[in-house]
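Okay, my_file.cif now, which holds mmCIF, C-alpha atoms:
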data_entry
loop_
_atom_site.group_PDB
_atom_site.id
_atom_site.type_symbol
_atom_site.label_atom_id
_atom_site.label_comp_id
_atom_site.auth_asym_id
_atom_site.auth_seq_id
_atom_site.Cartn_x
_atom_site.Cartn_y
_atom_site.Cartn_z
ATOM 1 C CA MET A 22 86.686 46.504 136.130
ATOM 2 C CA THR A 23 89.501 46.162 133.598
ATOM 3 C CA PRO A 24 88.941 44.331 130.289
ATOM 4 C CA GLU A 25 91.438 41.656 131.387
ATOM 5 C CA ARG A 26 89.462 40.921 134.549
ATOM 6 C CA MET A 27 86.260 40.791 132.553
ATOM 7 C CA ALA A 28 87.971 38.425 130.094
ATOM 8 C CA GLU A 29 88.894 36.186 133.029
ATOM 9 C CA LEU A 30 85.287 36.255 134.218
ATOM 10 C CA VAL A 31 84.035 35.261 130.757
ATOM 11 C CA ALA A 32 86.699 32.545 130.581
ATOM 12 C CA ARG A 33 85.486 31.174 133.919
ATOM 13 C CA TRP A 34 81.961 31.009 132.597
ATOM 14 C CA VAL A 35 83.190 29.161 129.506
ATOM 15 C CA ARG A 36 85.096 26.679 131.669
ATOM 16 C CA LEU A 37 81.973 26.190 133.771
ATOM 17 C CA TYR A 38 79.580 25.415 130.926
ATOM 18 C CA THR A 39 82.099 23.198 129.149
ATOM 19 C CA ARG A 40 82.696 21.104 132.286
ATOM 20 C CA SER A 41 82.342 17.353 131.769
ATOM 21 C CA LEU A 42 82.005 17.743 127.999
ATOM 22 C CA PRO A 43 84.359 15.647 125.829
ATOM 23 C CA PRO A 44 87.803 17.286 126.330
ATOM 24 C CA PRO A 45 88.502 18.143 122.646
ATOM 25 C CA ILE A 46 85.135 19.914 122.312
ATOM 26 C CA ALA A 47 85.562 21.762 125.620
ATOM 27 C CA ARG A 48 89.173 22.738 124.796
ATOM 28 C CA ARG A 49 88.187 24.068 121.405
ATOM 29 C CA ARG A 50 85.431 26.270 122.822
ATOM 30 C CA ILE A 51 87.666 27.582 125.642
ATOM 31 C CA ASP A 52 90.537 28.405 123.254
ATOM 32 C CA GLU A 53 88.277 29.908 120.622
ATOM 33 C CA ILE A 54 86.600 32.295 123.042
ATOM 34 C CA GLY A 55 89.986 33.061 124.611
ATOM 35 C CA ALA A 56 91.229 34.221 121.208
ATOM 36 C CA ASP A 57 87.996 36.175 120.639
ATOM 37 C CA LEU A 58 88.385 38.011 123.960
ATOM 38 C CA HIS A 59 91.997 38.841 123.173
ATOM 39 C CA ASP A 60 91.036 40.173 119.726
ATOM 40 C CA HIS A 61 88.150 42.140 121.198
ATOM 41 C CA ILE A 62 90.380 43.942 123.721
ATOM 42 C CA ALA A 63 93.117 44.610 121.146
ATOM 43 C CA HIS A 64 90.619 45.933 118.580
ATOM 44 C CA GLU A 65 88.822 48.274 120.980
ATOM 45 C CA ARG A 66 92.047 49.561 122.501
ATOM 46 C CA GLY A 67 93.333 50.215 118.987
ATOM 47 C CA HIS A 68 90.278 52.421 118.453
ATOM 48 C CA GLY A 69 90.795 54.287 121.739
ATOM 49 C CA THR A 70 87.697 52.903 123.458
ATOM 50 C CA ALA A 71 87.562 53.537 127.218
ATOM 51 C CA GLU A 72 88.579 50.581 129.379
ATOM 52 C CA TRP A 73 85.251 50.420 131.227
ATOM 53 C CA ARG A 74 83.386 50.454 127.932
ATOM 54 C CA ILE A 75 85.431 47.519 126.607
ATOM 55 C CA ALA A 76 84.727 45.535 129.801
ATOM 56 C CA LEU A 77 81.027 46.385 129.552
ATOM 57 C CA SER A 78 80.878 45.317 125.913
ATOM 58 C CA MET A 79 82.497 41.965 126.779
ATOM 59 C CA ALA A 80 80.078 41.418 129.651
ATOM 60 C CA ALA A 81 77.146 42.249 127.360
ATOM 61 C CA ARG A 82 78.352 39.706 124.795
ATOM 62 C CA MET A 83 78.621 37.060 127.481
ATOM 63 C CA VAL A 84 75.159 37.780 128.857
ATOM 64 C CA ARG A 85 73.528 37.854 125.407
ATOM 65 C CA GLY A 86 75.033 34.467 124.641
ATOM 66 C CA LEU A 87 74.129 32.705 127.918
ATOM 67 C CA ALA A 88 71.024 30.951 126.586
ATOM 68 C CA ALA A 89 72.891 29.824 123.461
ATOM 69 C CA ASP A 90 75.782 28.566 125.610
ATOM 70 C CA LEU A 91 73.476 26.387 127.681
ATOM 71 C CA SER A 92 71.584 25.153 124.637
ATOM 72 C CA TRP A 93 74.896 24.283 122.924
ATOM 73 C CA ARG A 94 76.046 22.402 126.025
ATOM 74 C CA HIS A 95 72.790 20.456 126.177
ATOM 75 C CA ARG A 96 73.024 19.541 122.485
ATOM 76 C CA THR A 97 76.687 18.568 122.790
ATOM 77 C CA ILE A 98 75.974 16.245 125.721
ATOM 78 C CA ALA A 99 73.070 14.666 123.833
ATOM 79 C CA ARG A 100 75.258 14.075 120.777
ATOM 80 C CA SER A 101 78.305 12.794 122.625
ATOM 81 C CA SER A 102 76.573 10.168 124.783
ATOM 82 C CA ASN A 103 76.350 6.941 122.796
ATOM 83 C CA PRO A 104 73.630 4.309 123.373
ATOM 84 C CA GLU A 105 76.168 1.714 124.620
ATOM 85 C CA HIS A 106 77.361 4.092 127.321
ATOM 86 C CA ALA A 107 73.766 4.941 128.267
ATOM 87 C CA THR A 108 72.887 1.221 128.607
ATOM 88 C CA LYS A 109 75.980 0.634 130.746
ATOM 89 C CA MET A 110 75.051 3.553 133.002
ATOM 90 C CA SER A 111 71.481 2.297 133.284
ATOM 91 C CA LYS A 112 72.652 -1.216 134.294
ATOM 92 C CA SER A 113 75.060 0.261 136.823
ATOM 93 C CA THR A 114 72.283 2.392 138.365
ATOM 94 C CA TYR A 115 69.999 -0.651 138.556
ATOM 95 C CA ARG A 116 72.705 -2.698 140.298
ATOM 96 C CA SER A 117 73.359 0.129 142.765
ATOM 97 C CA ALA A 118 69.665 0.354 143.638
ATOM 98 C CA VAL A 119 69.460 -3.448 144.129
ATOM 99 C CA ARG A 120 72.576 -3.418 146.337
ATOM 100 C CA VAL A 121 71.188 -0.639 148.517
ATOM 101 C CA ALA A 122 67.754 -2.297 148.764
ATOM 102 C CA LEU A 123 69.252 -5.678 149.734
ATOM 103 C CA ALA A 124 71.587 -4.160 152.320
ATOM 104 C CA THR A 125 68.773 -2.062 153.818
ATOM 105 C CA GLY A 126 66.444 -5.052 153.906
ATOM 106 C CA PHE A 127 69.071 -7.245 155.532
ATOM 107 C CA ILE A 128 69.866 -4.710 158.253
ATOM 108 C CA LEU A 129 66.150 -4.177 158.973
ATOM 109 C CA LEU A 130 65.732 -7.927 159.335
ATOM 110 C CA LEU A 131 68.045 -7.909 162.356
ATOM 111 C CA PRO A 132 65.696 -5.979 164.715
ATOM 112 C CA LEU A 133 62.725 -7.861 163.236
ATOM 113 C CA VAL A 134 64.307 -11.211 164.130
ATOM 114 C CA ALA A 135 65.483 -9.856 167.495
ATOM 115 C CA MET A 136 61.877 -8.853 168.310
ATOM 116 C CA GLN A 137 60.858 -12.521 167.922
ATOM 117 C CA ILE A 138 63.555 -13.684 170.344
ATOM 118 C CA THR A 139 63.644 -11.044 173.060
ATOM 119 C CA ASP A 140 61.460 -8.322 174.557
ATOM 120 C CA GLU A 141 64.477 -6.007 174.794
ATOM 121 C CA VAL A 142 63.916 -4.924 171.175
ATOM 122 C CA ALA A 143 60.529 -3.321 170.543
ATOM 123 C CA TRP A 144 60.363 -1.468 167.242
ATOM 124 C CA ASP A 145 57.105 -0.141 165.839
ATOM 125 C CA LEU A 146 56.327 0.597 162.188
ATOM 126 C CA ALA A 147 57.578 4.197 162.461
ATOM 127 C CA ASP A 148 60.958 2.927 163.700
ATOM 128 C CA PHE A 149 61.283 0.605 160.722
ATOM 129 C CA VAL A 150 60.275 3.353 158.277
ATOM 130 C CA PHE A 151 62.716 5.826 159.852
ATOM 131 C CA ALA A 152 65.554 3.297 159.842
ATOM 132 C CA GLY A 153 64.707 2.229 156.264
ATOM 133 C CA VAL A 154 64.803 5.811 154.962
ATOM 134 C CA LEU A 155 68.012 6.526 156.863
ATOM 135 C CA LEU A 156 69.772 3.361 155.691
ATOM 136 C CA GLY A 157 68.474 3.526 152.108
ATOM 137 C CA GLY A 158 69.312 7.219 151.764
ATOM 138 C CA THR A 159 72.766 6.673 153.182
ATOM 139 C CA GLY A 160 73.329 3.703 150.886
ATOM 140 C CA LEU A 161 72.407 5.757 147.837
ATOM 141 C CA LEU A 162 74.679 8.538 149.039
ATOM 142 C CA VAL A 163 77.565 6.095 149.409
ATOM 143 C CA GLU A 164 76.921 4.733 145.896
ATOM 144 C CA LEU A 165 76.980 8.279 144.483
ATOM 145 C CA ALA A 166 80.114 9.145 146.454
ATOM 146 C CA LEU A 167 81.866 6.018 145.131
ATOM 147 C CA ARG A 168 80.878 6.832 141.561
ATOM 148 C CA ARG A 169 82.064 10.404 141.810
ATOM 149 C CA PRO A 170 84.792 10.308 144.434
ATOM 150 C CA ARG A 171 86.005 13.801 143.564
ATOM 151 C CA ASN A 172 82.607 15.411 144.187
ATOM 152 C CA ILE A 173 82.864 17.028 147.592
ATOM 153 C CA ALA A 174 79.095 17.638 147.892
ATOM 154 C CA TYR A 175 78.241 13.969 148.545
ATOM 155 C CA ARG A 176 80.937 13.700 151.192
ATOM 156 C CA ALA A 177 79.757 16.906 152.868
ATOM 157 C CA VAL A 178 76.172 15.566 152.992
ATOM 158 C CA ALA A 179 77.392 12.208 154.380
ATOM 159 C CA ILE A 180 79.338 13.966 157.147
ATOM 160 C CA ALA A 181 76.315 16.163 157.920
ATOM 161 C CA ILE A 182 74.068 13.075 158.198
ATOM 162 C CA GLY A 183 76.656 11.373 160.395
ATOM 163 C CA VAL A 184 76.869 14.360 162.743
ATOM 164 C CA ALA A 185 73.043 14.635 162.834
ATOM 165 C CA ALA A 186 72.787 10.908 163.671
ATOM 166 C CA ILE A 187 75.256 11.276 166.548
ATOM 167 C CA VAL A 188 73.483 14.358 167.923
ATOM 168 C CA LEU A 189 70.038 12.720 167.624
ATOM 169 C CA GLY A 190 71.352 9.460 169.078
ATOM 170 C CA GLU A 191 72.851 11.328 172.026
ATOM 171 C CA ALA A 192 69.612 13.240 172.668
ATOM 172 C CA ASP A 193 67.431 10.128 172.324
ATOM 173 C CA ASP A 194 69.835 7.814 174.154
ATOM 174 C CA ALA A 195 70.112 5.601 171.066
ATOM 175 C CA PRO A 196 73.625 4.089 170.899
ATOM 176 C CA GLY A 197 72.818 2.342 167.584
ATOM 177 C CA LEU A 198 72.103 5.663 165.895
ATOM 178 C CA MET A 199 75.288 7.146 167.342
ATOM 179 C CA LEU A 200 77.278 4.159 166.123
ATOM 180 C CA PHE A 201 75.728 4.546 162.675
ATOM 181 C CA GLY A 202 76.681 8.252 162.597
ATOM 182 C CA GLY A 203 80.211 7.445 163.682
ATOM 183 C CA LEU A 204 80.611 4.741 161.044
ATOM 184 C CA LEU A 205 79.297 7.081 158.355
ATOM 185 C CA ILE A 206 81.789 9.777 159.290
ATOM 186 C CA VAL A 207 84.701 7.322 159.509
ATOM 187 C CA GLY A 208 83.694 5.779 156.155
ATOM 188 C CA THR A 209 83.483 9.182 154.485
ATOM 189 C CA VAL A 210 86.869 10.231 155.844
ATOM 190 C CA ALA A 211 88.351 6.915 154.656
ATOM 191 C CA LEU A 212 86.877 7.448 151.173
ATOM 192 C CA THR A 213 88.289 10.983 151.069
ATOM 193 C CA LEU A 214 91.742 9.753 152.075
ATOM 194 C CA ARG A 215 91.637 6.966 149.474
ATOM 195 C CA THR A 216 90.681 9.453 146.742
ATOM 196 C CA ALA A 217 93.426 11.837 147.811
ATOM 197 C CA LEU A 218 96.059 9.063 147.851
ATOM 198 C CA ARG A 219 95.000 7.769 144.437
ATOM 199 C CA SER A 220 95.165 11.213 142.897
ATOM 200 C CA GLU A 221 98.772 11.744 144.055
ATOM 201 C CA MET B 5 60.825 27.701 121.380
ATOM 202 C CA PRO B 6 59.584 26.016 118.179
ATOM 203 C CA ARG B 7 61.916 23.520 116.538
ATOM 204 C CA ARG B 8 63.379 24.618 113.234
ATOM 205 C CA LYS B 9 62.421 22.747 110.075
ATOM 206 C CA PRO B 10 65.185 20.478 108.779
ATOM 207 C CA GLY B 11 67.258 22.166 106.115
ATOM 208 C CA THR B 12 66.275 25.702 107.074
ATOM 209 C CA LEU B 13 68.741 28.319 108.240
ATOM 210 C CA LEU B 14 68.219 30.829 111.020
ATOM 211 C CA PRO B 15 68.565 34.556 110.195
ATOM 212 C CA LEU B 16 71.916 34.729 112.000
ATOM 213 C CA GLU B 17 73.213 31.761 110.001
ATOM 214 C CA THR B 18 72.183 33.334 106.681
ATOM 215 C CA GLU B 19 73.802 36.578 107.828
ATOM 216 C CA ILE B 20 77.040 34.726 108.593
ATOM 217 C CA LEU B 21 76.985 33.060 105.183
ATOM 218 C CA GLY B 22 76.370 36.429 103.514
ATOM 219 C CA VAL B 23 79.258 38.056 105.333
ATOM 220 C CA ALA B 24 81.520 35.073 104.633
ATOM 221 C CA LEU B 25 80.678 35.307 100.930
ATOM 222 C CA SER B 26 81.365 39.033 100.783
ATOM 223 C CA MET B 27 84.705 38.464 102.523
ATOM 224 C CA LEU B 28 85.525 35.702 100.066
ATOM 225 C CA ARG B 29 84.766 38.036 97.157
ATOM 226 C CA GLN B 30 87.139 40.589 98.694
ATOM 227 C CA GLY B 31 89.883 37.973 98.745
ATOM 228 C CA HIS B 32 89.605 36.951 102.408
ATOM 229 C CA ALA B 33 88.866 33.249 102.177
ATOM 230 C CA SER B 34 89.092 32.610 105.919
ATOM 231 C CA PHE B 35 87.688 34.520 108.864
ATOM 232 C CA HIS B 36 87.664 34.194 112.651
ATOM 233 C CA GLY B 37 85.012 34.668 115.306
ATOM 234 C CA PHE B 38 85.728 38.197 116.483
ATOM 235 C CA GLY B 39 86.474 39.429 112.944
ATOM 236 C CA LEU B 40 83.131 38.048 111.819
ATOM 237 C CA ALA B 41 81.270 39.661 114.734
ATOM 238 C CA GLN B 42 82.990 42.964 113.964
ATOM 239 C CA THR B 43 82.134 42.821 110.239
ATOM 240 C CA MET B 44 78.535 41.901 111.025
ATOM 241 C CA ARG B 45 78.292 44.871 113.376
ATOM 242 C CA GLU B 46 79.646 47.236 110.718
ATOM 243 C CA GLN B 47 77.376 45.887 107.991
ATOM 244 C CA SER B 48 74.235 45.964 110.098
ATOM 245 C CA GLY B 49 75.018 49.357 111.614
ATOM 246 C CA SER B 50 74.403 47.903 115.062
ATOM 247 C CA ARG B 51 76.247 49.141 118.147
ATOM 248 C CA ALA B 52 76.487 45.708 119.742
ATOM 249 C CA LEU B 53 78.592 42.712 118.814
ATOM 250 C CA THR B 54 76.878 39.328 118.600
ATOM 251 C CA GLY B 55 76.999 37.395 121.900
ATOM 252 C CA HIS B 56 79.755 34.820 122.240
ATOM 253 C CA GLY B 57 77.396 31.895 122.725
ATOM 254 C CA THR B 58 75.077 32.941 119.895
ATOM 255 C CA LEU B 59 77.922 33.446 117.434
ATOM 256 C CA TYR B 60 79.865 30.253 118.138
ATOM 257 C CA LYS B 61 76.766 28.116 118.333
ATOM 258 C CA ALA B 62 75.732 29.370 114.880
ATOM 259 C CA LEU B 63 79.234 28.732 113.519
ATOM 260 C CA SER B 64 79.273 25.192 114.881
ATOM 261 C CA ARG B 65 75.868 24.498 113.320
ATOM 262 C CA LEU B 66 77.023 25.766 109.933
ATOM 263 C CA GLU B 67 80.030 23.511 110.262
ATOM 264 C CA GLU B 68 77.786 20.555 111.092
ATOM 265 C CA PHE B 69 75.684 21.323 108.010
ATOM 266 C CA GLY B 70 78.885 21.146 105.933
ATOM 267 C CA LEU B 71 78.605 24.803 104.894
ATOM 268 C CA LEU B 72 81.725 25.906 106.763
ATOM 269 C CA THR B 73 84.987 24.208 107.582
ATOM 270 C CA SER B 74 87.457 25.265 110.265
ATOM 271 C CA ARG B 75 91.043 24.820 111.410
ATOM 272 C CA TRP B 76 93.390 26.347 113.978
ATOM 273 C CA GLU B 77 95.629 29.193 112.864
ATOM 274 C CA ASP B 78 99.347 28.359 112.620
ATOM 275 C CA ALA B 79 101.257 29.190 115.803
ATOM 276 C CA ALA B 80 103.775 31.213 113.767
ATOM 277 C CA ALA B 81 101.020 33.364 112.267
ATOM 278 C CA ALA B 82 99.552 34.019 115.715
ATOM 279 C CA GLU B 83 102.733 35.902 116.764
ATOM 280 C CA GLY B 84 102.316 35.237 120.467
ATOM 281 C CA ARG B 85 98.610 35.949 120.801
ATOM 282 C CA PRO B 86 96.056 33.141 121.298
ATOM 283 C CA ARG B 87 95.555 31.143 118.096
ATOM 284 C CA ARG B 88 92.340 31.866 116.256
ATOM 285 C CA ARG B 89 89.968 29.291 114.861
ATOM 286 C CA LEU B 90 89.750 30.079 111.147
ATOM 287 C CA TYR B 91 86.554 29.357 109.215
ATOM 288 C CA GLU B 92 86.067 29.024 105.469
ATOM 289 C CA LEU B 93 83.069 28.508 103.239
ATOM 290 C CA THR B 94 82.955 25.043 101.702
ATOM 291 C CA GLY B 95 81.914 24.629 98.062
ATOM 292 C CA GLU B 96 78.383 23.811 99.203
ATOM 293 C CA GLY B 97 78.529 26.718 101.671
ATOM 294 C CA ALA B 98 79.473 29.158 98.899
ATOM 295 C CA ARG B 99 76.580 27.906 96.736
ATOM 296 C CA VAL B 100 74.095 28.240 99.599
ATOM 297 C CA ALA B 101 75.504 31.680 100.492
ATOM 298 C CA GLU B 102 75.074 32.891 96.898
ATOM 299 C CA ARG B 103 71.499 31.640 96.871
ATOM 300 C CA VAL B 104 70.780 33.264 100.234
ATOM 301 C CA VAL B 105 72.251 36.595 99.122
ATOM 302 C CA ALA B 106 70.314 36.451 95.837
ATOM 303 C CA ASP B 107 67.102 35.599 97.677
ATOM 304 C CA SER B 108 67.508 38.445 100.137
ATOM 305 C CA ALA B 109 68.301 40.909 97.322
ATOM 306 C CA ASP B 110 65.229 39.690 95.439
ATOM 307 C CA HIS B 111 63.133 39.950 98.603
ATOM 308 C CA ALA B 112 64.355 43.503 99.234
ATOM 309 C CA ALA B 113 63.609 44.524 95.634
ATOM 310 C CA ARG B 114 60.026 43.251 95.972
ATOM 311 C CA ARG B 115 59.276 45.411 99.017
ATOM 312 C CA PRO B 116 57.500 48.450 97.497
ATOM 313 C CA GLY B 117 56.718 49.959 100.891
ATOM 314 C CA ARG B 118 60.343 50.695 101.595
ATOM 315 C CA VAL B 119 60.937 52.274 98.186
ATOM 316 C CA ALA B 120 57.812 54.382 98.494
ATOM 317 C CA SER B 121 58.810 55.601 101.905
ATOM 318 C CA GLU B 122 62.181 56.886 100.723
ATOM 319 C CA PRO B 123 62.437 60.655 100.473
ATOM 320 C CA ALA B 124 62.067 62.118 97.018
#
Render the structure in this file as C-alpha cells.
Amino acid sequence: MTPERMAELVARWVRLYTRSLPPPIARRRIDEIGADLHDHIAHERGHGTAEWRIALSMAARMVRGLAADLSWRHRTIARSSNPEHATKMSKSTYRSAVRVALATGFILLLPLVAMQITDEVAWDLADFVFAGVLLGGTGLLVELALRRPRNIAYRAVAIAIGVAAIVLGEADDAPGLMLFGGLLIVGTVALTLRTALRSE
Amino acid sequence: MPRRKPGTLLPLETEILGVALSMLRQGHASFHGFGLAQTMREQSGSRALTGHGTLYKALSRLEEFGLLTSRWEDAAAAEGRPRRRLYELTGEGARVAERVVADSADHAARRPGRVASEPA
C-alpha cells in the first residue's frame, strides 16, 4: 500500500469518528491530521524511507491512537451537548413514546370492540400481544425514521418488516397483516422520496 | 482506567510541555503536531511516533488547561501544502513547563541507582 492510500484510510477513520460532532471541532481535527499525514510522508520521503515502511508507520500511529480518538469523541460529545438541548430531546422522546402508545392502543381497540359486536372477529391474548408488539415497534421505527430521515438503516428495517408482514399474511391468509405490510412499504417509500426531494 | 486528579498532568502532557519549552529556548516559539511527534521521538530515542489520537488529545487538553494556545498557519506560509495548526506555550504554560522540567531534573538527580549502575 502506498503512503497516500494509507493517508486516505487514516483520513476516513478521522471522518468517521468526528461524525456528528460540532462542525468546527470536526473540521479542525480532520484538517489537523490531514496536515500531519502530509508532513509525515514528506519527512520520511526526504529521509529516503521505503514507501511500505512509511505506510506501516502511519497505520501504526492510527492504531495506537484509536482508544484516544474514541475517548476524545466521547468527551467532546459530552461537552458540546448543553442541558437545554438534552431537556428538549428528552421531551421529544417522551412525546414520541406517548404518540406511539396512543396509536397502538387505539388500533388494538378496534378488534376488541369488533369482538363485542360480531363473532367474525375472535382474537385471543396472543393475537393482541403480537399485534401490539408489531404496531408499537413499527410506530417507534417510524418516529426514528422521521427524526433521522437521512439514516437509511431505519428505512431498510421498515421495508424488511413490511415484506415479512406480507409474506406472513399471505402464508396465514391474513389480509390485515398483508395490508399493514403494504402500507409500511408505501409509507417508507414516500418518506424516502420526500427526503430526496427536500435535499435537492 | 482511574480518573486523573484535577490539576495533574499525564506523562505525555509533561513531555509535550518539556519539548515545547526546549523548542522555545531554541527560538522556535510555535510548533505543529508532526514536528512535535518527530522531536519527541528523537529526544526519547524511540523508533515509533506518538499515535495521532494520543498526541492530538493531549494537545487539546493542554489547550483546555490554558497551557497552550493554537492558531492556523497562514495560507501563504503553507506554500500549497495543507495548513498546519501551530501551537505555542502560554505564559502559564511556560511557567508550568519550567517547573516540570526542573522537577524531572531534580527527580533524575535523586536516583542513585542509575548513577551507581553507570560504567566506571
> Distance CA of Arg40 (chain A)-CA of Ala82 (chain B), one decimal place?
Replying inline: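 Separation of CA of Arg40 (chain A) and CA of Ala82 (chain B): 26.9 Å.
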>> For the PyMOL selection byres ((chain A and resi 149) around 12), applied here, can you spell out every residue it catches as a VMD selection string?
In response: chain A and resid 125 to 126 128 to 133 143 to 148 150 to 157
> Which one of A:Gly208, A:Pro43, A:Gly190, A:Gly55 sits closest to chain B if you count only C-alpha atoms?
Replying inline: A:Gly55
> Where does the PyMOL selection byres ((chain B and resi 39) around 12) land in this file, that is, which residues does it pick, as a ChimeraX atom specification?
Replying inline: /A:56-61,63-64 /B:20,23-24,27,32,34-38,40-46,53-54,59,88-91
Which chain B residues have any atom within 6 Å of an atom of chain A, and for each, what is the nearest pair of atoms with distance in Å to one decimal, counting only C-alpha atoms, rows sorted by chain and number, as a Markdown table?
| residue | atom | partner | partner_atom | distance |
| --- | --- | --- | --- | --- |
| B:Phe38 | CA | A:Asp57 | CA | 5.1 |
| B:Gly55 | CA | A:Arg82 | CA | 3.9 |
| B:His56 | CA | A:Gly86 | CA | 5.3 |
| B:Gly57 | CA | A:Gly86 | CA | 4.0 |
| B:Thr58 | CA | A:Gly86 | CA | 5.0 |
| B:Pro86 | CA | A:Ala56 | CA | 4.9 |
| B:Arg88 | CA | A:Ala56 | CA | 5.6 |
